[in-house]
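The next block is upload10.csv, given as CSV, C-alpha atoms.
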chain,number,residue,atom,x,y,z
D,11,MET,CA,18.5,14.1,99.4
D,12,LYS,CA,14.8,14.5,98.6
D,13,ILE,CA,13.3,12.9,95.5
D,14,ILE,CA,10.3,13.6,93.4
D,15,VAL,CA,9.2,11.0,90.9
D,16,LEU,CA,7.3,12.7,88.1
D,17,GLY,CA,5.2,10.3,86.1
D,18,GLY,CA,2.3,10.3,83.8
D,19,PHE,CA,1.3,9.1,80.4
D,20,LEU,CA,3.0,10.1,77.1
D,21,GLY,CA,2.4,13.7,76.2
D,22,SER,CA,0.6,14.6,79.4
D,23,GLY,CA,3.0,17.5,80.1
D,24,LYS,CA,5.5,16.1,82.6
D,25,THR,CA,8.3,18.3,81.4
D,26,SER,CA,6.1,21.3,81.4
D,27,VAL,CA,5.4,20.7,85.1
D,28,LEU,CA,9.0,19.8,85.8
D,29,LEU,CA,10.5,23.1,84.8
D,30,PRO,CA,8.4,25.4,87.1
D,31,LEU,CA,8.6,22.8,89.8
D,32,ALA,CA,12.4,22.9,89.7
D,33,LYS,CA,12.3,26.7,89.7
D,34,TYR,CA,10.0,26.7,92.7
D,35,LEU,CA,12.3,24.3,94.6
D,36,HIS,CA,15.3,26.4,93.8
D,37,ALA,CA,13.7,29.7,94.8
D,38,ASN,CA,12.4,28.3,98.1
D,39,SER,CA,15.7,26.7,99.1
D,40,THR,CA,18.5,28.1,101.3
D,41,TYR,CA,20.8,25.2,100.5
D,42,GLU,CA,24.3,26.2,99.6
D,43,GLY,CA,25.1,23.5,97.1
D,44,THR,CA,23.2,22.1,94.1
D,45,ARG,CA,19.6,22.6,94.9
D,46,VAL,CA,17.9,20.7,92.1
D,47,ALA,CA,19.2,17.9,89.9
D,48,ILE,CA,17.2,16.2,87.2
D,49,VAL,CA,17.1,12.6,86.0
D,50,GLU,CA,15.5,12.2,82.6
D,51,ASN,CA,14.4,8.7,81.5
D,52,GLU,CA,13.6,8.7,77.8
D,53,ILE,CA,12.2,6.1,75.5
D,54,GLY,CA,14.6,5.9,72.6
D,55,ASP,CA,18.0,7.5,72.5
D,56,VAL,CA,17.4,11.1,72.0
D,57,SER,CA,16.6,13.5,74.8
D,58,ILE,CA,14.4,16.2,73.4
D,59,ASP,CA,13.3,17.2,76.9
D,60,GLY,CA,16.9,17.1,78.2
D,61,MET,CA,17.8,19.9,75.7
D,62,THR,CA,14.9,22.0,77.0
D,63,LEU,CA,15.9,21.5,80.6
D,64,ARG,CA,19.6,22.2,80.1
D,65,ASN,CA,18.7,25.4,78.2
D,66,ALA,CA,16.9,26.4,81.4
D,67,GLY,CA,20.1,26.0,83.3
D,68,LEU,CA,19.3,22.7,85.1
D,69,SER,CA,21.7,19.9,85.8
D,70,VAL,CA,20.4,16.9,83.8
D,71,GLN,CA,21.4,13.2,83.8
D,72,GLU,CA,19.7,11.1,81.1
D,73,LEU,CA,18.8,7.4,81.0
D,74,PHE,CA,17.9,6.0,77.6
D,75,SER,CA,16.4,3.1,75.9
D,76,GLY,CA,14.6,1.4,78.7
D,77,CYS,CA,12.3,1.9,81.6
D,78,ILE,CA,13.7,2.9,85.0
D,79,CYS,CA,11.0,0.9,86.8
D,80,CYS,CA,12.5,-2.3,85.5
D,81,THR,CA,15.2,-2.7,82.8
D,82,LEU,CA,17.1,0.4,83.9
D,83,GLY,CA,16.4,0.0,87.6
D,84,ALA,CA,20.0,-0.7,88.4
D,85,GLU,CA,21.1,2.1,86.2
D,86,LEU,CA,18.7,4.5,88.0
D,87,ILE,CA,20.0,3.6,91.4
D,88,GLY,CA,23.6,3.9,90.1
D,89,GLY,CA,22.9,7.2,88.6
D,90,LEU,CA,21.3,8.5,91.8
D,91,MET,CA,24.3,7.4,93.8
D,92,GLN,CA,26.6,9.2,91.4
D,93,ILE,CA,24.5,12.3,91.6
D,94,GLU,CA,24.6,12.1,95.4
D,95,ARG,CA,28.4,11.7,95.3
D,96,GLU,CA,29.2,14.4,92.8
D,97,GLN,CA,26.6,17.0,93.5
D,98,ASN,CA,24.8,16.1,96.7
D,99,PRO,CA,21.7,18.0,95.7
D,100,GLU,CA,18.9,18.9,98.0
D,101,TRP,CA,16.3,17.8,95.5
D,102,VAL,CA,16.3,15.3,92.6
D,103,ILE,CA,13.4,15.3,90.2
D,104,ILE,CA,13.1,12.1,88.2
D,105,GLU,CA,11.0,12.4,85.1
D,106,ALA,CA,9.9,8.9,84.2
D,107,THR,CA,9.0,7.8,80.7
D,108,GLY,CA,5.3,8.0,79.7
D,109,VAL,CA,5.0,4.2,80.1
D,110,ALA,CA,6.7,3.8,83.4
D,111,CYS,CA,5.0,3.0,86.7
D,112,PRO,CA,6.3,5.7,89.0
D,113,GLY,CA,5.4,3.7,92.1
D,114,ASN,CA,8.0,1.0,91.2
D,115,VAL,CA,10.6,3.7,90.8
D,116,ALA,CA,9.8,5.2,94.2
D,117,ASP,CA,9.9,1.7,95.8
D,118,SER,CA,13.4,1.1,94.4
D,119,ILE,CA,14.6,4.5,95.6
D,120,ARG,CA,13.3,3.9,99.1
D,121,GLN,CA,14.9,0.5,99.2
D,122,TYR,CA,18.3,1.4,97.8
D,123,ILE,CA,19.0,5.1,98.4
D,124,LYS,CA,19.6,5.3,102.1
D,125,ASN,CA,20.1,9.0,102.2
D,126,CYS,CA,16.7,9.7,100.6
D,127,THR,CA,14.9,11.6,103.4
D,128,GLN,CA,11.8,12.3,101.4
D,129,SER,CA,10.2,10.9,98.3
D,130,HIS,CA,7.1,12.0,96.5
D,131,VAL,CA,5.2,10.6,93.5
D,132,VAL,CA,3.4,13.0,91.3
D,133,VAL,CA,1.4,11.9,88.2
D,134,VAL,CA,0.3,14.2,85.4
D,135,SER,CA,-2.7,13.4,83.3
D,136,ASP,CA,-3.9,14.9,80.0
D,137,ALA,CA,-7.4,16.2,80.5
D,138,GLU,CA,-8.2,15.9,76.8
D,139,ARG,CA,-7.0,12.3,76.4
D,140,LEU,CA,-7.3,10.7,79.8
D,141,THR,CA,-10.5,8.8,79.2
D,142,ARG,CA,-9.6,7.7,75.7
D,143,LEU,CA,-6.1,6.5,76.8
D,144,LEU,CA,-7.5,4.6,79.8
D,145,ARG,CA,-9.7,2.6,77.4
D,146,ALA,CA,-6.9,2.0,74.9
D,147,ILE,CA,-4.1,1.2,77.3
D,148,THR,CA,-5.6,-0.7,80.1
D,149,HIS,CA,-2.5,-1.6,82.2
D,150,ILE,CA,-0.1,1.3,82.4
D,151,ALA,CA,-2.3,4.4,82.7
D,152,PRO,CA,-4.4,3.0,85.6
D,153,GLN,CA,-1.3,1.9,87.5
D,154,GLN,CA,0.2,5.3,87.1
D,155,ILE,CA,-2.8,6.9,88.7
D,156,ARG,CA,-2.8,4.4,91.5
D,157,ASP,CA,0.8,5.1,92.2
D,158,ALA,CA,0.3,8.9,92.6
D,159,GLU,CA,0.4,10.8,95.9
D,160,VAL,CA,-0.6,13.9,94.0
D,161,LEU,CA,-2.5,14.0,90.7
D,162,LEU,CA,-2.4,16.8,88.3
D,163,ILE,CA,-4.9,17.2,85.5
D,164,ASN,CA,-3.1,19.2,82.8
D,165,LYS,CA,-4.2,21.0,79.6
D,166,ILE,CA,-7.5,22.1,81.2
D,167,ASP,CA,-7.7,24.9,78.7
D,168,LEU,CA,-8.4,22.3,76.0
D,169,VAL,CA,-11.6,20.9,77.5
D,170,ASP,CA,-14.9,22.0,79.0
D,171,GLU,CA,-16.0,21.7,82.6
D,172,ALA,CA,-18.0,18.6,82.0
D,173,THR,CA,-15.0,16.8,80.7
D,174,LEU,CA,-12.9,18.0,83.7
D,175,ILE,CA,-15.5,16.6,86.1
D,176,GLU,CA,-15.5,13.3,84.2
D,177,ALA,CA,-11.7,13.2,84.3
D,178,GLU,CA,-11.6,13.8,88.0
D,179,ALA,CA,-14.2,11.1,88.6
D,180,THR,CA,-12.1,8.7,86.5
D,181,LEU,CA,-9.0,9.5,88.5
D,182,ARG,CA,-11.0,8.8,91.7
D,183,GLU,CA,-11.9,5.4,90.4
D,184,PHE,CA,-8.3,4.4,90.6
D,185,ASN,CA,-7.0,6.6,93.4
D,186,GLU,CA,-9.3,7.5,96.2
D,187,THR,CA,-6.9,9.5,98.3
D,188,ALA,CA,-4.4,11.6,96.3
D,189,PRO,CA,-5.3,15.3,96.0
D,190,ILE,CA,-6.2,16.3,92.5
D,191,PHE,CA,-5.2,19.7,91.0
D,192,ARG,CA,-6.3,21.2,87.8
D,193,ILE,CA,-3.5,22.9,85.9
D,194,CYS,CA,-2.6,24.4,82.6
D,195,ALA,CA,1.2,24.0,82.8
D,196,LYS,CA,1.9,26.2,79.8
D,197,ASP,CA,0.2,29.2,81.5
D,198,GLY,CA,1.9,28.7,84.8
D,199,ILE,CA,1.2,26.7,87.9
D,200,ASP,CA,0.0,28.0,91.3
D,201,GLU,CA,2.6,27.6,94.0
D,202,ALA,CA,0.1,25.9,96.2
D,203,VAL,CA,0.3,22.9,93.9
D,204,PHE,CA,4.1,22.7,94.4
D,205,ALA,CA,3.6,23.1,98.1
D,206,ALA,CA,1.2,20.2,98.1
D,207,ILE,CA,3.7,18.1,96.1
D,208,ILE,CA,6.5,18.5,98.6
D,209,GLY,CA,4.4,18.7,101.8
D,210,GLY,CA,4.9,15.9,104.3
D,211,ASN,CA,5.7,12.3,103.5
D,212,GLU,CA,9.0,11.9,105.3
D,213,ASN,CA,10.3,8.4,104.6
D,214,VAL,CA,9.7,5.9,107.3
N,24,MET,CA,23.5,5.3,56.8
N,25,TYR,CA,26.6,4.2,58.6
N,26,ASN,CA,27.8,0.6,59.1
N,27,HIS,CA,31.1,-1.1,59.4
N,28,GLU,CA,32.4,-4.4,60.6
N,29,HIS,CA,34.6,-4.6,63.6
N,30,GLU,CA,36.2,-8.0,63.1
N,31,ASN,CA,39.8,-6.7,63.1
N,32,CYS,CA,38.9,-3.3,64.4
N,33,SER,CA,41.2,-0.5,63.4
N,34,CYS,CA,38.6,2.2,63.7
N,35,GLY,CA,40.0,3.2,67.0
N,36,CYS,CA,36.6,3.0,68.7
N,37,GLY,CA,38.2,1.6,71.8
N,38,HIS,CA,35.9,-1.4,72.2
N,39,ASP,CA,36.9,-5.0,72.9
N,40,HIS,CA,36.3,-7.0,69.7
N,41,ASP,CA,38.3,-10.1,70.5
N,42,HIS,CA,35.4,-12.4,71.0
N,43,HIS,CA,32.9,-11.3,68.4
N,44,GLU,CA,32.3,-9.7,65.2
N,45,HIS,CA,29.5,-7.3,65.3
N,46,GLU,CA,27.7,-4.8,63.2
N,47,HIS,CA,28.4,-1.3,63.7
N,48,VAL,CA,26.3,-0.3,66.6
N,49,HIS,CA,27.3,3.2,67.3
N,50,SER,CA,24.2,5.2,67.2
N,51,TYR,CA,22.9,8.0,69.4
N,52,THR,CA,24.1,7.4,73.0
N,53,HIS,CA,22.3,4.3,74.0
N,54,SER,CA,22.3,1.5,76.5
N,55,HIS,CA,21.6,-2.2,75.9
N,56,ALA,CA,20.8,-5.0,78.2
N,57,HIS,CA,23.7,-7.4,78.2
N,58,ASP,CA,25.3,-9.8,80.5
N,59,HIS,CA,27.8,-8.3,82.9
N,60,GLU,CA,27.9,-11.0,85.5
N,61,HIS,CA,31.7,-11.0,85.6
N,62,CYS,CA,32.1,-7.2,85.7
N,63,GLY,CA,31.8,-6.8,89.4
N,64,ASP,CA,31.0,-3.1,88.9
N,65,LEU,CA,27.6,-1.6,89.0
N,66,THR,CA,28.5,1.2,86.6
N,67,HIS,CA,30.7,-0.9,84.3
N,68,GLU,CA,32.5,2.2,83.4
N,69,HIS,CA,35.9,0.4,83.3
N,70,CYS,CA,34.7,-2.9,82.2
N,71,HIS,CA,37.4,-5.0,80.7
N,72,GLY,CA,35.8,-8.4,81.0
N,73,THR,CA,35.0,-10.7,78.1
N,74,HIS,CA,31.4,-10.4,77.3
N,75,ASP,CA,29.0,-11.6,74.7
N,76,HIS,CA,28.4,-8.3,73.0
N,77,GLU,CA,25.8,-8.7,70.4
N,78,HIS,CA,25.6,-5.0,70.3
N,79,CYS,CA,28.6,-3.2,71.5
N,80,ALA,CA,28.0,0.0,73.5
N,81,ASP,CA,29.8,2.4,75.7
N,82,HIS,CA,30.1,1.1,79.2
N,83,GLY,CA,29.0,4.2,81.1
N,84,HIS,CA,25.8,2.4,82.2
N,85,ALA,CA,24.8,-0.4,84.4
N,86,HIS,CA,22.9,-3.2,82.7
N,87,HIS,CA,21.0,-6.2,83.6
N,88,VAL,CA,19.2,-8.7,81.5
N,89,HIS,CA,15.4,-8.9,81.5
N,90,ASP,CA,14.6,-11.7,79.2
N,91,GLU,CA,11.2,-13.0,78.2
N,92,HIS,CA,10.8,-14.8,81.5
N,93,CYS,CA,11.4,-11.7,83.6
N,94,ASP,CA,8.6,-11.2,86.2
N,95,CYS,CA,8.9,-7.5,86.7
N,96,GLY,CA,5.6,-7.1,84.9
N,97,HIS,CA,6.8,-5.3,81.9
N,98,ASP,CA,6.8,-6.5,78.3
N,99,HIS,CA,10.4,-6.7,77.2
N,100,GLY,CA,9.6,-7.8,73.7
N,101,HIS,CA,12.6,-6.9,71.7
N,102,ALA,CA,14.2,-3.7,70.9
N,103,HIS,CA,15.1,-2.9,67.3
N,104,HIS,CA,18.3,-1.2,66.8
N,105,GLU,CA,18.6,0.2,63.3
N,106,HIS,CA,22.0,1.7,63.4
N,107,GLU,CA,22.2,4.0,60.5
N,108,GLY,CA,23.9,6.8,62.3
N,109,CYS,CA,26.0,7.4,65.2
N,110,GLY,CA,26.0,10.0,67.9
N,111,ALA,CA,29.5,11.2,68.4
N,112,ASP,CA,29.3,11.2,72.2
N,113,CYS,CA,28.8,7.4,72.4
N,114,HIS,CA,32.6,6.9,71.9
N,115,GLU,CA,35.1,7.4,74.6
N,116,SER,CA,37.2,10.5,74.4
N,117,GLY,CA,40.1,10.2,72.0
N,118,CYS,CA,38.2,7.9,69.7
N,119,ASN,CA,39.5,8.5,66.2
N,120,CYS,CA,36.8,6.7,64.2
N,121,SER,CA,35.1,8.6,61.4
N,122,ASP,CA,31.9,9.0,63.5
N,123,CYS,CA,33.7,11.1,66.0
N,124,ALA,CA,35.3,13.2,63.3
N,125,GLY,CA,32.0,15.0,62.9
N,126,ALA,CA,28.6,14.7,64.3
N,127,VAL,CA,26.4,12.4,62.2
N,128,LYS,CA,23.5,14.4,60.8
N,129,THR,CA,21.0,11.7,59.8
N,130,GLY,CA,19.7,8.5,61.3
N,131,PHE,CA,16.7,6.4,62.1
N,132,ARG,CA,16.2,4.0,65.0
N,133,LEU,CA,13.3,2.1,66.6
N,134,THR,CA,13.1,1.2,70.2
N,135,ARG,CA,10.4,-0.7,71.9
N,136,VAL,CA,9.4,-0.3,75.6
N,137,GLU,CA,6.3,-1.7,77.2
N,138,GLY,CA,4.2,-1.9,74.1
N,139,ALA,CA,5.2,1.5,72.8
N,140,THR,CA,7.6,2.0,69.9
N,141,ALA,CA,9.8,5.0,69.7
N,142,ALA,CA,11.0,6.0,66.3
N,143,ALA,CA,14.0,8.3,66.8
N,144,VAL,CA,14.9,10.4,63.8
N,145,ARG,CA,17.8,12.8,63.1
N,146,PHE,CA,18.1,14.8,60.0
N,147,GLN,CA,18.8,18.2,58.6
N,148,LEU,CA,16.3,20.7,57.2
N,149,ALA,CA,17.0,23.6,55.0
N,150,GLY,CA,16.6,27.0,56.7
N,151,PRO,CA,16.0,29.7,57.5
N,152,GLN,CA,14.9,28.6,60.9
N,153,GLY,CA,11.6,30.3,60.9
N,154,ARG,CA,10.5,28.6,57.7
N,155,ALA,CA,11.8,25.3,58.9
N,156,GLU,CA,9.7,25.6,62.1
N,157,VAL,CA,6.5,26.0,60.1
N,158,GLU,CA,7.5,23.1,57.9
N,159,MET,CA,8.2,20.9,60.9
N,160,ALA,CA,4.9,21.7,62.6
N,161,THR,CA,3.1,20.8,59.3
N,162,ARG,CA,4.9,17.5,58.9
N,163,ILE,CA,4.4,16.5,62.5
N,164,LYS,CA,0.7,17.2,62.3
N,165,ALA,CA,0.5,15.2,59.1
N,166,LEU,CA,2.4,12.3,60.7
N,167,ALA,CA,0.1,12.2,63.6
N,168,ALA,CA,-2.9,12.1,61.2
N,169,ASP,CA,-1.2,9.3,59.2
N,170,ILE,CA,-0.7,7.3,62.4
N,171,SER,CA,-4.3,7.7,63.5
N,172,ALA,CA,-5.6,6.9,60.0
N,173,VAL,CA,-4.1,3.4,60.1
N,174,GLY,CA,-5.3,2.7,63.6
N,175,GLY,CA,-2.3,3.7,65.6
N,176,ILE,CA,-2.3,5.7,68.8
N,177,VAL,CA,0.0,8.7,69.0
N,178,GLY,CA,1.7,8.6,72.4
N,179,HIS,CA,3.8,11.6,71.8
N,180,ILE,CA,5.7,13.2,69.0
N,181,LYS,CA,8.3,15.6,70.0
N,182,ALA,CA,11.3,17.3,68.3
N,183,GLY,CA,14.1,19.7,68.9
N,184,MET,CA,15.6,21.8,66.2
N,185,THR,CA,18.9,23.6,66.4
N,186,GLY,CA,19.2,26.3,63.8
N,187,GLU,CA,21.8,28.5,62.4
N,188,ALA,CA,24.8,28.6,64.7
N,189,GLU,CA,28.1,30.3,64.8
N,190,VAL,CA,30.8,28.1,66.3
N,191,THR,CA,34.1,29.6,67.5
N,192,THR,CA,37.1,27.3,67.8
N,193,PHE,CA,40.4,28.0,69.5
N,194,SER,CA,43.7,26.4,68.7
N,195,CYS,CA,47.0,26.8,70.6
N,196,THR,CA,50.2,24.8,70.5
N,197,GLY,CA,52.0,26.8,73.1
N,198,GLY,CA,52.2,30.2,71.5
N,199,SER,CA,49.5,32.3,70.0
N,200,VAL,CA,45.9,31.3,69.9
N,201,THR,CA,44.2,30.9,66.5
N,202,ILE,CA,40.6,31.7,66.5
N,203,GLY,CA,38.3,30.2,63.9
N,204,ARG,CA,34.7,30.9,63.2
N,205,LYS,CA,32.3,28.7,61.4
N,206,THR,CA,28.7,29.5,60.5
N,207,GLU,CA,26.3,27.1,59.0
N,208,PRO,CA,23.6,29.3,57.7
N,209,GLY,CA,20.4,27.9,56.5
N,210,VAL,CA,20.8,24.4,58.0
N,211,CYS,CA,18.7,23.2,60.9
N,212,GLN,CA,19.5,20.0,62.8
N,213,VAL,CA,16.4,18.2,63.9
N,214,ASP,CA,16.0,15.4,66.4
N,215,LEU,CA,12.5,13.9,66.5
N,216,VAL,CA,11.0,11.1,68.6
N,217,ALA,CA,7.6,9.6,67.7
N,218,ILE,CA,6.3,7.3,70.4
N,219,ILE,CA,3.5,5.2,68.9
N,220,LEU,CA,1.2,2.5,70.2
N,221,GLY,CA,-0.8,-0.1,68.5
N,222,LEU,CA,1.1,-0.3,65.2
N,223,SER,CA,3.8,-2.6,63.8
N,224,ASP,CA,7.3,-1.3,63.6
N,225,GLU,CA,7.1,-1.6,59.9
N,226,ALA,CA,4.1,0.6,59.7
N,227,ILE,CA,5.6,3.2,62.0
N,228,GLU,CA,8.8,3.3,60.0
N,229,ALA,CA,6.9,3.6,56.8
N,230,ALA,CA,4.8,6.5,58.2
N,231,VAL,CA,7.8,8.3,59.6
N,232,ARG,CA,9.9,7.9,56.4
N,233,ASN,CA,7.0,9.1,54.3
N,234,ARG,CA,6.8,12.4,56.2
N,235,PHE,CA,10.6,12.8,56.7
N,236,PRO,CA,12.2,11.5,53.5
N,237,GLU,CA,15.5,13.3,54.5
N,238,ILE,CA,16.4,10.4,56.8
Can you give me the file's structure in the form of structure tokens?
Amino acid sequence: MKIIVLGGFLGSGKTSVLLPLAKYLHANSTYEGTRVAIVENEIGDVSIDGMTLRNAGLSVQELFSGCICCTLGAELIGGLMQIEREQNPEWVIIEATGVACPGNVADSIRQYIKNCTQSHVVVVSDAERLTRLLRAITHIAPQQIRDAEVLLINKIDLVDEATLIEAEATLREFNETAPIFRICAKDGIDEAVFAAIIGGNENV
Amino acid sequence: MYNHEHENCSCGCGHDHDHHEHEHVHSYTHSHAHDHEHCGDLTHEHCHGTHDHEHCADHGHAHHVHDEHCDCGHDHGHAHHEHEGCGADCHESGCNCSDCAGAVKTGFRLTRVEGATAAAVRFQLAGPQGRAEVEMATRIKALAADISAVGGIVGHIKAGMTGEAEVTTFSCTGGSVTIGRKTEPGVCQVDLVAIILGLSDEAIEAAVRNRFPEI
């Protein structure tokens, strides 16, 4: 079972990335069983994004009212074990809440899900709000960036080039190594981005 | 708003009420942190132990307690659970309480996670759907402006709206099948979540209720 943890601050566009990513994984797989399963972690008790994903034909399991990097950690692991038992999917994409630290999620998975052969952490940032949010929320957003193996700057259509360059420099302050991709998820994402997300990183 | 006492529960909700009385806690599907040390089962799906259930919930989830001394690094504050409505799917199948007799159409609930407060709202809006969409967009924009005006940070406001629907039911007691059709024209069911930072729960609730008086 291969797992992608999709993180990023509130409203950055995680679900907008998740949908085409799931479609890409499905289209590029020859696996006979369930190719992609989704785990949605939502703040509150209503899954708006879950509705969207189900309407797109995806298998979705939801975790509510808590954060999977801590309070719902056991629930996440239990949920993944259940998914493995019942569906044995090739890929699981976990969409964390906007206030989760995806690195903690990935660490738990690597520790407790023995059949996880690959894990990847992708973090989506909002080009328009990144700098403002980093100033206002000084703990979560920087940690999310540090946790990322791939960084996506989304909503690039809403900002100018100078802002994008500043956003990339800001991301680099917190993460020196993760590749950075500019995207506008609502207009489509280049498959090269998805290839970079799943490339390499076999679990040790 | 929906509340009832479960002291001598006859609502058929299927929960163990022997050791506590509790406010009606059936809301949208939810999980709570509570002590399951005697459960012996990660998923607690078939939990029959005696537990201190300040808020009774379905047992389809694993729980553990992160109190104020938890060192996981997150602020566990406290979660507010205003249970004014109930999601029908939080009850086990066969539950005969009035919540399960029909989906609850309005509700308001606050949840806090890591410094962010999520106001979850459920209500109905008069259709037709096209007009309701425009109205929703206008109200959401106004809510965002209200939040910013009083110093809050809009994390994310998102909503889903289900419009006019035709529902077909089938009934058979061994012979022929009766088909029924029900249409609810002009009614849109809305679920909205506003995740806000930097404001008190009271201020968030006031702002949300101001823009969505249907709740």
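Closest approach to D:Thr107 from the set D:Ser57, D:Ser69, D:Thr187, D:Thr62 is made by D:Ser57, with distances taken over all atoms listed in the file.
Atom CA of N:Phe193 lies 23.4 Å from atom CA of N:Gln212.
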Requested in this report: Tell me which protein, DNA and RNA residues are within 6 Å of stretch 84-100 of chain D, counting all atoms listed in the file, leaving out same-chain ones fewer than 2 positions away, and put them as a list in words.
Outcome: Met11, Thr44, Arg45, Val46 and Leu82 of chain D; Ala85 of chain N
Show which residues sit within 6 Å of D:Glu72, as a PDB file with C-alpha atoms, in the frame of the given file. Count all atoms listed in the file, and ignore same-chain residues fewer than 4 positions away.
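Printed below is out.pdb as written:
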ATOM      1  CA  VAL D  49      17.100  12.600  86.000  1.00  0.00           C
ATOM      2  CA  GLU D  50      15.500  12.200  82.600  1.00  0.00           C
ATOM      3  CA  ASN D  51      14.400   8.700  81.500  1.00  0.00           C
TER       4      ASN D  51
END
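Closest to N:Arg154 among N:Val210, N:Ala226, N:Ile238, N:Leu220 is N:Val210, based on all atoms listed in the file.
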Query raised in the report: Using all atoms listed in the file, which chain D residues lie at most 9 Å away from chain N, written as a PyMOL selection string?
Result: chain D and resi 19-22+53-59+61-62+73-77+79-86+88-89+108-110+143+146-147+150
Query - Close residues, stretch 193-199 of chain D itself excluded, 7 Å, only C-alpha atoms, min 5 positions apart in chain, as a ChimeraX atom specification - result: /D:26-27,162-167
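Near D:Glu159, within 7 Å and counting only C-alpha atoms, sit His130, Val131, Val132, Asp157, Leu161 and Ala188 of chain D, not including residues fewer than 2 positions from it in the same chain.
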